[in-house]
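Q: My structure is below; once you've seen it, I'll send some questions.
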Amino acid sequence: TQLLEQSPQFLSIQEGENLTVYCNSSSVFSSLQWYRQEPGEGPVLLVTVVTGGEVKKLKRLTFQFGDARKDSSLHITAAQPGDTGLYLCAGVRTGANNLFFGTGTRLTVIP
Amino acid sequence: NAGVMQNPRHLVRRRGQEARLRCSPMKGHSHVYWYRQLPEEGLKFMVYLQKENIIDESGMPKERFSAEFPKEGPSILRIQQVVRGDSAAYFCASSPGAVPNTEAFFGQGTRLTVV
């Protein structure tokens, strides 16, 4: 059983389109992080959300933490080829002390 | 301030040999986490260590795998008698304190291939 489920698993879109990636769980998290990983590299932290309902923006990326702190979404506006990569959500369960990763969404933006 | 350093970047071992993967955390970081990643999959938690102590090894296979983080030197993930199924990318992350109070930063990984 996967603690954090991401959808979709694969996404291929044209440059300029918008997209949303989801990260869902039945568990409550004290914080949730989004990473992007490129081939042959380690994950790079994009954002951390800690408060239920929190919304954070990073240029064309908008991250939202669900009110109940069980889910999160990542929305990309006007996707660019440079956004291509594996997007991973990772959460710290309430009372725990390590990060559990989601299944990942592999995004391809076609020029 | 150098990032998390892992070496080697690539490691090839024959079945039955031992693999030693090293992780030097960022300066000032005393918490280290090891993860395993299979192709096209997310990262699977293995073990969480704080200087000289194993805090959580719930993701570590019971046999052949061990980890340490000595007072001096890097953290070591050791895999004895490797099998083909051990082939994967192994990532380590470090943080200055325990998550979720702080953020974890990842190294570039060690890609282990067992032939």
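Letters A, B, ... go to the chains of the structure tokens in the order shown; residues in each chain start at 1; ligands are counted from 1 in the same order.
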Kindly determine which residues of chain B lie within 10 Å of chain A, considering only C-alpha atoms, and give the answer as a PDB file with C-alpha atoms, in the first residue's frame.
A:
ATOM      1  CA  VAL B   4      25.196  16.559  -0.028  1.00  0.00           C
ATOM      2  CA  ARG B   9      28.182   8.035  -8.521  1.00  0.00           C
ATOM      3  CA  VAL B  32      20.851  11.592   7.304  1.00  0.00           C
ATOM      4  CA  TYR B  33      18.216   9.646   5.374  1.00  0.00           C
ATOM      5  CA  TYR B  35      16.307   6.116   0.004  1.00  0.00           C
ATOM      6  CA  GLU B  40      10.349   4.955 -13.186  1.00  0.00           C
ATOM      7  CA  GLU B  41       9.400   4.817  -9.496  1.00  0.00           C
ATOM      8  CA  GLY B  42       9.374   7.139  -6.520  1.00  0.00           C
ATOM      9  CA  LEU B  43      11.823   7.005  -3.634  1.00  0.00           C
ATOM     10  CA  LYS B  44      11.415   4.336  -0.960  1.00  0.00           C
ATOM     11  CA  PHE B  45      12.548   5.234   2.540  1.00  0.00           C
ATOM     12  CA  MET B  46      15.171   2.914   3.989  1.00  0.00           C
ATOM     13  CA  VAL B  47      16.744   4.346   7.123  1.00  0.00           C
ATOM     14  CA  TYR B  48      17.074   7.548   9.142  1.00  0.00           C
ATOM     15  CA  ILE B  55      16.534   6.503  14.570  1.00  0.00           C
ATOM     16  CA  ASP B  56      14.277   4.607  12.156  1.00  0.00           C
ATOM     17  CA  ALA B  89      19.706   4.314  -7.459  1.00  0.00           C
ATOM     18  CA  TYR B  90      20.410   5.002  -3.797  1.00  0.00           C
ATOM     19  CA  PHE B  91      19.937   8.559  -2.576  1.00  0.00           C
ATOM     20  CA  CYS B  92      20.867  10.142   0.675  1.00  0.00           C
ATOM     21  CA  ALA B  93      19.472  13.343   2.110  1.00  0.00           C
ATOM     22  CA  GLY B  97      17.406  18.954  12.426  1.00  0.00           C
ATOM     23  CA  ALA B  98      14.533  16.520  12.329  1.00  0.00           C
ATOM     24  CA  VAL B  99      11.908  16.939   9.656  1.00  0.00           C
ATOM     25  CA  PRO B 100       9.296  18.446   9.571  1.00  0.00           C
ATOM     26  CA  ASN B 101      10.958  21.260  11.445  1.00  0.00           C
ATOM     27  CA  THR B 102      13.676  21.537   8.814  1.00  0.00           C
ATOM     28  CA  GLU B 103      14.069  20.693   5.147  1.00  0.00           C
ATOM     29  CA  ALA B 104      16.049  17.797   3.703  1.00  0.00           C
ATOM     30  CA  PHE B 105      18.451  18.187   0.781  1.00  0.00           C
ATOM     31  CA  PHE B 106      19.388  15.325  -1.514  1.00  0.00           C
ATOM     32  CA  GLY B 107      22.630  14.152  -3.037  1.00  0.00           C
ATOM     33  CA  GLN B 108      22.994  13.106  -6.656  1.00  0.00           C
ATOM     34  CA  GLY B 109      22.742   9.433  -5.812  1.00  0.00           C
ATOM     35  CA  THR B 110      24.761   6.285  -6.345  1.00  0.00           C
ATOM     36  CA  ARG B 111      23.639   4.039  -9.149  1.00  0.00           C
TER      37      ARG B 111
END
Q: When you look at A:Asp67 with a cut-off of 10 Å (counting only C-alpha atoms), what residues show up, excluding the ones that are within fewer than 6 positions of it in the same chain? I need them as a list in words.
A: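 Listed by chain and then number, they are Thr51, Gly52, Gly53 and Glu54 of chain A.
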Q: What does the distance between atom CA of A:Gln80 and atom CA of A:Gln14 come to in Å, to one decimal place?
A: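 Interatomic distance here is 8.3 Å.
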Q: May I have all residues of chain B that DSSP, computed from the backbone, assigns to strand (DSSP E or B), given as JSON, numbers by chain?
A: {"B": [5, 6, 7, 10, 11, 12, 13, 19, 20, 21, 22, 23, 24, 31, 32, 33, 34, 35, 36, 37, 43, 44, 45, 46, 47, 48, 49, 50, 53, 54, 55, 56, 65, 66, 67, 68, 75, 76, 77, 78, 79, 88, 89, 90, 91, 92, 93, 94, 95, 105, 106, 110, 111, 112, 113, 114]}
Q: Please measure the separation of atom CA of B:Trp34 and atom CA of A:Leu74, giving the value in Å to one decimal.
A: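 Interatomic distance, atom CA of B:Trp34 to atom CA of A:Leu74: 25.6 Å.
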Q: Would you kindly return, as a PyMOL selection string, each protein, DNA or RNA residue with an atom no farther than 12 Å from any atom of stretch 80-88 of chain B, considering only C-alpha atoms and excluding same-chain residues fewer than 5 positions away?
A: (chain A and resi 40) or (chain B and resi 9-21+35-44+61-67+109-115)
Q: Applying 9 Å and only C-alpha atoms, which residues near A:Ile110 remain after dropping the ones on its own chain fewer than 5 positions away? List them as a PyMOL selection string.
A: chain A and resi 12-15+80-81+84
Q: Would you mind reading off the distance between atom CA of B:Leu49 and atom CA of A:Ser72, one decimal, in Å?
A: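 Calculated distance between atom CA of B:Leu49 and atom CA of A:Ser72 is 27.8 Å.
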